[in-house]
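Shown next, in structure tokens, is the structure this report addresses.
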Amino acid sequence: MQEDSSLRRVDPSRRDPHWSATTFFVVLGLVVLISILSLFLKRPISDATAAMTGTTLNEPVTQIEQYDYGFEPHHITWRAGDQVTISLHNRSTTHWHEMMLGRGYDYTPSAFGPIATQFDTDFWNGIHVTFSGANHVDNLCVNKAIAKFIGPMPNIVTGGNFSPTLQPGGSLNMTFTVPNKPGTWHYGCFVQQYVHYMAGMRGTITILPR
Amino acid sequence: MIDILLFAFFWLIATLLGEWGVHAMEARGLYYSAATSQALDGEKAVAFILTMLVPVIAFVVVMLIYTAIRFRSRKSLQFRDNKVFIGIWVLFSIALNILFFVHPSASALEQMFNNEEARLNRHDLIVNVTARQWEWIFSYPQYGIQTAEDSNGNSTLYLPVNQNVRFVLRSYDPYHTYDPNGAVIHDFWIPAFGLKQDIIPGETRLEYVHTNKITSYDVDPMVRVQCAEVCGPGHPFMEAPVHVVSSSDFMKWVQAQRKLEAS
Amino acid sequence: MSANAAGLSGVDTANRQRRRIAPPVIRGLLWAAIGFLVFNTLVSQVIDRQPYDPFVTRVSATVGWAAAVIGWLLGVGAWEVIVRPFFGHPVEWDIPNDWRRYFMFSTDHKVVGLQYIFTTTGSFLLAGLAAMMMRMELMNAKLWVFTNPGAYLTTVGIHGTVMMFSVGTVALVGGFANYFIPLMMGSNSSAYPRMSGLSHWLLPAGIATVFLSPLLGQWTTGWRAYAPLSGQDPSGIVFYYLGVFAMTTSSLLVAINLTATIIFNRAPGLTWNRLPMFGWGILAVSLLTIIWVPEIQMTFIISLLNLIVPFSLFEQTGSPLTYMESFWLFGHPEVYIIVVPAFALWQEIIPVMGQKTLFARQWGVLGLVFVMLFSGLVWAHHMFTNMRNSEMLPFSFFTEMISIPTGFSYLVVLGTLWGARLKFSTPTLFVLMSMFNFLIGGITGVLLADPVINLQTHDTFFVLSHFHYTVIGSMVFTWLAAAYYWLPKLSGRMYNETLGKLGAIWVFIAFNSAFGQMFFVGLRGMNRWVAVYPQYLQNMNFSISMFAFLLGLGFLFNFVHITWMWNKGKPVGQNPWNGKTLEWFGTPKPGIATFSPLPHVETGFYDYSENTPPTPSPPKRM
């Protein structure tokens, strides 16, 4: 081949092809390590980070994005007595998603054992909620919350816990005063036969006492 | 020559053993559980093909073992051709494949197509099956049942025994009709019924079975509806129990369902 | 490049004083990272901003990935070897004569072959680990290893995709064929050495893309990426399409290169009549690849656009079946891309091990070629459960008929075995096992070709076991046979016969126990793609998992044994098996021309009869 002749000469302007083995193995090892960590430990690491910085309040506006199949963020901190607006947005282009908030589970029996269908205690019971900016809301069940609407009125349904269900690309704002129910609460999406929740669409809320 | 005879002997032994094995499996039920005439047809086809192929399997396996052991101590016998052997091999493999194509492939398929002829299906039980992510919805238009469910709200399928059943299969989401492109491919499979049919969004597919045995999910877990085509994270949970019952029990169930829906 | 060893020692001393180049792989990673960041940011923040302003969108990930792959290829050496020379600069790419050559762009077919062998083995182990995770999950009917069913399905998809496009399609073709086809053709180089160097580096890019797909999101479709599910899945599927694009492009370039090598680089006297069986096999496979891989690439590109634009081509308002049809149009020839080289290797190894004339060679060639021709006529048997009834019979017919040319491979090997004084070595054992496994795969294939039976067994573990018998059972077993057979050529050392046989028996028993049971669990109602399943199947699945772990350990054992013997085995002469094909008469050392001068072929390679001299005569050197 043509390049052979040039290879035999030692041209001082050309660089030494014996690249550093140390650089190679160290950098490659780091890249592999980072890949493994980001593949398997993304959620534990972000949870640990959230636990360490847990006192950062997601107020006054809490942006929550729903995607297939999860929430971003999946950890939220509020302080009882503060006024908070949840700005819920469904980022998925194909699936509708809801957001329930509560504690404990209601179960239905199935061939695979009991399946969680919704939260047992509805966080929203008795809370005054102002809904605004409803856009592509599939349906809204307010259950025992006291609702007030600004702007377009979403499709109201009854049955089950408080849950706004958003169409793909939909969004909704919910403004309320955080009740004095301190502790850990959960949020999740139970649509499509509760599979979204099983698939990982869940998060936790820490409510700090006032 | 002695090699050929010896080989033929081992081949015969292996074939007999193999046929005995196939026969034993056949007696136990190749499909484990067969609750429709379609499943029995399938089992027969498997049994026929295996019975015919056992000598072929035995030939190759015995040959592999025999040649590996038998000729080790000698000098290699050199030849590059044997017209008789090649001729038999080629003609036999063509003949065997044509046989399989004629029977059971074409013949069983003809029977299956016949099952689907409209003139033979005037008195079918019609079950509308809707697959959505991730549940089955069964309705019985002839009996005015919208969604067949048990008391827990889980979908369930009841069928009378000795009856032609026509499943009308569709994949869409009846609760979110604004999303025409949300549906995916599912597959309607009842393992004990011996056949399955993909459900394609935007199309209506039919599946015909003839139930021939009283059985249910409670006694045989193969009597269940199971989605067989991956359809997302909920795929394994797309399952519904099936009950094949006598026609009087079926009518009782229909009455109970109607009452349940009316309430 | 092949002669760079000539003035090597002088170069080495002089090199000491000069500035070192950056490790090409590290430079490739850096350029890839820069490429991704720049183009991803440009798209997601400037050109195509989306609501709520996510930093990585499906569109930006696609464009960023393309930039990253180009950066990676340039970084590992394409910049010096391809781009700069194109603009008239001299080639300034020196390759050290040590292990470093395997981690940089190389145009030496032996180095490229070894790079492929390493990459394939690595991806086999990683995707095998994914399989072990799946089997671990299936030990219990409930979710216990994975936290959610989507994660399990993503693992299934990664396992299938990597095994298919980086092991099945590549192991014997990209790896052993890149190394040995030029040797068997009596040539010092493949036909397009620079393209060949480029093709390898696409493979790790593709593997990494698929393994990192969960960073974008889960994908639940498995390796077939069926629409419309692919159109509504989370975003990880984007990296599936892109990774597969890189891997298939790699295969395509290999196929073009090897086809041209077989056609144009044959040594004088190596006529078509004398072409080695492995040459025929690789030619058939390469033609299959050249015909069908562009087809699937177009299908995947359309699916990707369908997802990211988005269109509704394969959704309810489009045509869902069109995707499946386009997929299987490639998908079945793919199976033969995997096994045809294995068939060819049986016919290569057995005459050497038996020191016996190849029986009915012309039928063997006919078989390989007709399998290749027929493979495009059988694809719709993957669609008996959803196609029109009228299409069932023709596809059933061709599917049954393809067993005839497949059978010719058996005809040839069995005829060769008859009366042969077989050397019962590890490669022999692996070939015989591979033939047994493919027999089981073929018999169950005849059952599956029957539409009525197919309607019951489709999408169950029966089918899963069937195709693992054809892929692991025959291709991977033959791959190991080839590794043991050619180890003396690759390393100049011999493996340990006892350990080799132990490894063969180990994987054979574990494989048949694990996958043999899967036929029955499938018939009992175990469907595919489930992380949880009815309780009554748990015992059988538990037992399958145990043998699957044993199989995984068995493969590991074989790889460790081969690696160990590669470095520490007993040195052997250049033709320990008394083979007659040309690779046994050169001394392949990476970086050095194998044949000097080129050999001249005067007879075929498979004649061991009395009238030829008893010791194999080396092809006469000119």
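Labels for the structure tokens follow display order: chains A, B, ..., residues from 1 in each chain, ligands from 1.
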
Chain C contacts on chain B, only C-alpha atoms, 6 Å, as number ranges by chain: B: 31, 42, 67, 71-72, 74-78, 80-81, 93, 97, 105, 181, 184, 191, 194-198, 201-202, 228, 232-233, 236

Can you list every residue in chain A that DSSP puts in strand (DSSP E), as a PyMOL selection string? chain A and resi 61-67+70-72+75-79+83-90+97-98+100-108+115-122+128-141+146-150+156-157+163-177+183-188+202-208

Output the selection as a CSV table (one decimal), in the first residue's frame - C-alpha atoms for each residue.
```csv
chain,number,residue,atom,x,y,z
A,61,VAL,CA,-45.0,26.8,42.1
A,62,THR,CA,-44.3,23.0,41.8
A,63,GLN,CA,-43.7,22.0,38.2
A,64,ILE,CA,-44.6,18.4,37.7
A,65,GLU,CA,-44.2,16.7,34.4
A,66,GLN,CA,-45.8,13.4,33.6
A,67,TYR,CA,-44.1,11.1,31.0
A,70,GLY,CA,-43.0,8.4,35.5
A,71,PHE,CA,-43.1,11.8,37.1
A,72,GLU,CA,-40.5,14.5,37.0
A,75,HIS,CA,-39.8,13.9,45.1
A,76,ILE,CA,-41.4,17.1,46.4
A,77,THR,CA,-41.2,19.0,49.6
A,78,TRP,CA,-43.8,21.5,50.9
A,79,ARG,CA,-44.4,23.2,54.2
A,83,GLN,CA,-49.8,28.5,49.4
A,84,VAL,CA,-48.6,26.2,46.6
A,85,THR,CA,-49.5,25.8,42.9
A,86,ILE,CA,-49.0,22.5,41.2
A,87,SER,CA,-48.4,23.1,37.6
A,88,LEU,CA,-49.1,19.7,36.1
A,89,HIS,CA,-48.1,19.0,32.5
A,90,ASN,CA,-48.4,15.7,30.5
A,97,HIS,CA,-51.9,10.4,32.8
A,98,GLU,CA,-53.5,11.3,36.1
A,100,MET,CA,-53.5,11.0,42.7
A,101,LEU,CA,-52.1,12.0,46.0
A,102,GLY,CA,-52.6,10.0,49.2
A,103,ARG,CA,-51.5,7.3,51.6
A,104,GLY,CA,-52.1,3.5,51.8
A,105,TYR,CA,-53.6,1.5,49.0
A,106,ASP,CA,-56.9,0.1,47.9
A,107,TYR,CA,-56.5,-3.3,46.3
A,108,THR,CA,-58.3,-5.4,43.8
A,115,ILE,CA,-53.1,-5.0,42.7
A,116,ALA,CA,-53.1,-1.4,44.0
A,117,THR,CA,-55.9,0.6,42.4
A,118,GLN,CA,-55.7,3.9,44.2
A,119,PHE,CA,-54.6,5.4,47.5
A,120,ASP,CA,-56.7,4.6,50.5
A,121,THR,CA,-56.5,8.0,52.1
A,122,ASP,CA,-57.1,10.9,49.7
A,128,HIS,CA,-59.9,24.3,48.8
A,129,VAL,CA,-58.4,24.0,45.4
A,130,THR,CA,-58.4,26.6,42.6
A,131,PHE,CA,-58.1,25.1,39.1
A,132,SER,CA,-56.8,27.3,36.3
A,133,GLY,CA,-55.2,27.0,32.9
A,134,ALA,CA,-57.0,23.8,32.1
A,135,ASN,CA,-55.8,22.6,28.7
A,136,HIS,CA,-56.5,19.2,27.2
A,137,VAL,CA,-57.8,17.8,30.5
A,138,ASP,CA,-59.3,14.3,29.9
A,139,ASN,CA,-61.3,14.4,33.0
A,140,LEU,CA,-61.2,15.7,36.6
A,141,CYS,CA,-62.6,14.0,39.6
A,146,ILE,CA,-63.7,22.0,47.4
A,147,ALA,CA,-63.1,23.2,43.9
A,148,LYS,CA,-63.0,26.7,42.3
A,149,PHE,CA,-62.4,27.2,38.6
A,150,ILE,CA,-60.7,30.0,36.8
A,156,ILE,CA,-65.9,16.7,35.7
A,157,VAL,CA,-66.5,13.1,36.6
A,163,SER,CA,-57.5,13.0,40.2
A,164,PRO,CA,-56.9,15.2,37.3
A,165,THR,CA,-56.3,13.1,34.1
A,166,LEU,CA,-54.5,14.9,31.3
A,167,GLN,CA,-54.6,14.1,27.7
A,168,PRO,CA,-51.2,14.0,25.9
A,169,GLY,CA,-49.8,17.5,25.9
A,170,GLY,CA,-52.4,18.6,28.4
A,171,SER,CA,-51.8,20.8,31.5
A,172,LEU,CA,-53.5,22.1,34.6
A,173,ASN,CA,-52.7,24.4,37.5
A,174,MET,CA,-54.0,23.6,41.0
A,175,THR,CA,-53.5,26.3,43.7
A,176,PHE,CA,-54.2,25.4,47.3
A,177,THR,CA,-52.9,26.0,50.8
A,183,GLY,CA,-45.2,13.5,56.9
A,184,THR,CA,-44.7,11.5,53.7
A,185,TRP,CA,-47.4,11.3,51.1
A,186,HIS,CA,-47.3,9.5,47.8
A,187,TYR,CA,-48.5,10.5,44.3
A,188,GLY,CA,-49.0,8.3,41.4
A,202,ARG,CA,-45.0,7.3,41.4
A,203,GLY,CA,-43.3,9.8,43.6
A,204,THR,CA,-43.2,11.0,47.2
A,205,ILE,CA,-44.1,14.3,48.9
A,206,THR,CA,-42.6,15.4,52.2
A,207,ILE,CA,-44.7,17.9,54.1
A,208,LEU,CA,-42.8,19.7,56.7
```

Quick one: which residues from chain B are at most 7 Å off chain A, using only C-alpha atoms, as number ranges by chain? B: 133-135, 152, 182, 233-234

Taking into account only C-alpha atoms, which residue in the set C:Met185, C:Leu74, C:Ala191, C:Leu329 is nearest to C:Trp280? C:Met185

How many Å lie between atom CA of C:Ala514 and atom CA of C:Phe549, rounded to one decimal?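 Computed distance, atom CA of C:Ala514 to atom CA of C:Phe549, equals 9.1 Å.
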
Proximity to B:Ala256 - best of B:Pro241, B:Leu159, B:Met222, B:Ile145, only C-alpha atoms: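 Nearest to B:Ala256: B:Ile145.
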
Could you give me the residues within stretch 138-172 of chain C that DSSP places in alpha helix (DSSP H), as a ChimeraX atom specification? /C:138,149-162

So which one's closest to chain A, C:Ser189, C:Ser166, C:Ser326, C:Ser196? Using only C-alpha atoms, please.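 Of C:Ser189, C:Ser166, C:Ser326, C:Ser196, the one nearest chain A is C:Ser189, counting only C-alpha atoms.
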
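Shortest atom-to-atom contact with C:Ser250 among C:Gly28, C:Gly586, C:Gly442, C:Gly206: C:Gly206, counting only C-alpha atoms.
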
Would you list the contacts of stretch 494-500 of chain C as a short mmCIF file (atom, residue, chain, number, x, y, z; two decimals) with N, CA and C atoms, in the first residue's frame, taking every protein, DNA or RNA residue within 9 Å and counting only C-alpha atoms, but skipping same-chain residues closer than 3 positions in sequence?
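Here's the written file out.cif:
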```
data_model
loop_
_atom_site.label_atom_id
_atom_site.label_comp_id
_atom_site.auth_asym_id
_atom_site.auth_seq_id
_atom_site.Cartn_x
_atom_site.Cartn_y
_atom_site.Cartn_z
N SER C 425 -11.67 -34.27 18.24
CA SER C 425 -11.15 -33.09 18.94
C SER C 425 -12.32 -32.20 19.37
N THR C 426 -11.99 -31.14 20.11
CA THR C 426 -13.04 -30.22 20.56
C THR C 426 -13.82 -29.61 19.39
N PRO C 427 -13.13 -29.11 18.33
CA PRO C 427 -13.93 -28.57 17.21
C PRO C 427 -14.89 -29.61 16.63
N TYR C 484 -11.95 -22.85 18.49
CA TYR C 484 -10.98 -23.89 18.86
C TYR C 484 -10.19 -24.35 17.64
N LEU C 487 -7.77 -21.54 16.65
CA LEU C 487 -6.93 -20.97 17.70
C LEU C 487 -5.44 -21.11 17.37
N PRO C 488 -4.98 -22.29 16.87
CA PRO C 488 -3.57 -22.40 16.53
C PRO C 488 -3.14 -21.36 15.49
N SER C 491 -3.26 -17.72 17.34
CA SER C 491 -2.32 -17.43 18.41
C SER C 491 -1.03 -18.21 18.30
N GLY C 503 -15.59 -28.26 28.29
CA GLY C 503 -16.38 -27.07 27.97
C GLY C 503 -17.51 -27.40 27.00
N ALA C 504 -17.19 -28.22 25.98
CA ALA C 504 -18.20 -28.56 24.98
C ALA C 504 -19.35 -29.33 25.62
N ILE C 505 -18.99 -30.34 26.41
CA ILE C 505 -20.05 -31.17 27.01
C ILE C 505 -20.88 -30.34 27.99
N ASN C 558 -15.65 -21.59 28.61
CA ASN C 558 -15.01 -21.72 27.30
C ASN C 558 -14.22 -20.48 26.92
N HIS C 561 -11.08 -20.35 28.99
CA HIS C 561 -10.14 -21.36 28.49
C HIS C 561 -9.45 -20.89 27.21
N ILE C 562 -10.25 -20.37 26.28
CA ILE C 562 -9.66 -19.92 25.02
C ILE C 562 -8.69 -18.77 25.27
N TRP C 564 -7.08 -18.01 27.97
CA TRP C 564 -5.90 -18.50 28.68
C TRP C 564 -4.94 -19.17 27.70
N MET C 565 -5.48 -20.06 26.87
CA MET C 565 -4.63 -20.82 25.96
C MET C 565 -4.08 -19.94 24.85
N TRP C 566 -4.80 -18.88 24.57
CA TRP C 566 -4.32 -17.91 23.56
C TRP C 566 -2.95 -17.38 23.98
N LYS C 568 -1.14 -18.73 26.91
CA LYS C 568 -0.26 -19.66 27.63
C LYS C 568 -0.28 -21.07 27.06
N GLY C 569 -1.05 -21.30 25.99
CA GLY C 569 -1.17 -22.66 25.47
C GLY C 569 0.16 -23.17 24.92
N LYS C 570 0.18 -24.48 24.61
CA LYS C 570 1.39 -25.08 24.07
C LYS C 570 1.57 -24.60 22.63
N PRO C 571 2.76 -24.09 22.29
CA PRO C 571 2.95 -23.65 20.90
C PRO C 571 2.84 -24.84 19.94
N VAL C 572 2.22 -24.59 18.77
CA VAL C 572 2.10 -25.67 17.78
C VAL C 572 2.63 -25.18 16.45
N PRO C 576 -1.54 -27.77 12.46
CA PRO C 576 -1.71 -28.91 13.36
C PRO C 576 -2.80 -29.88 12.92
#
```
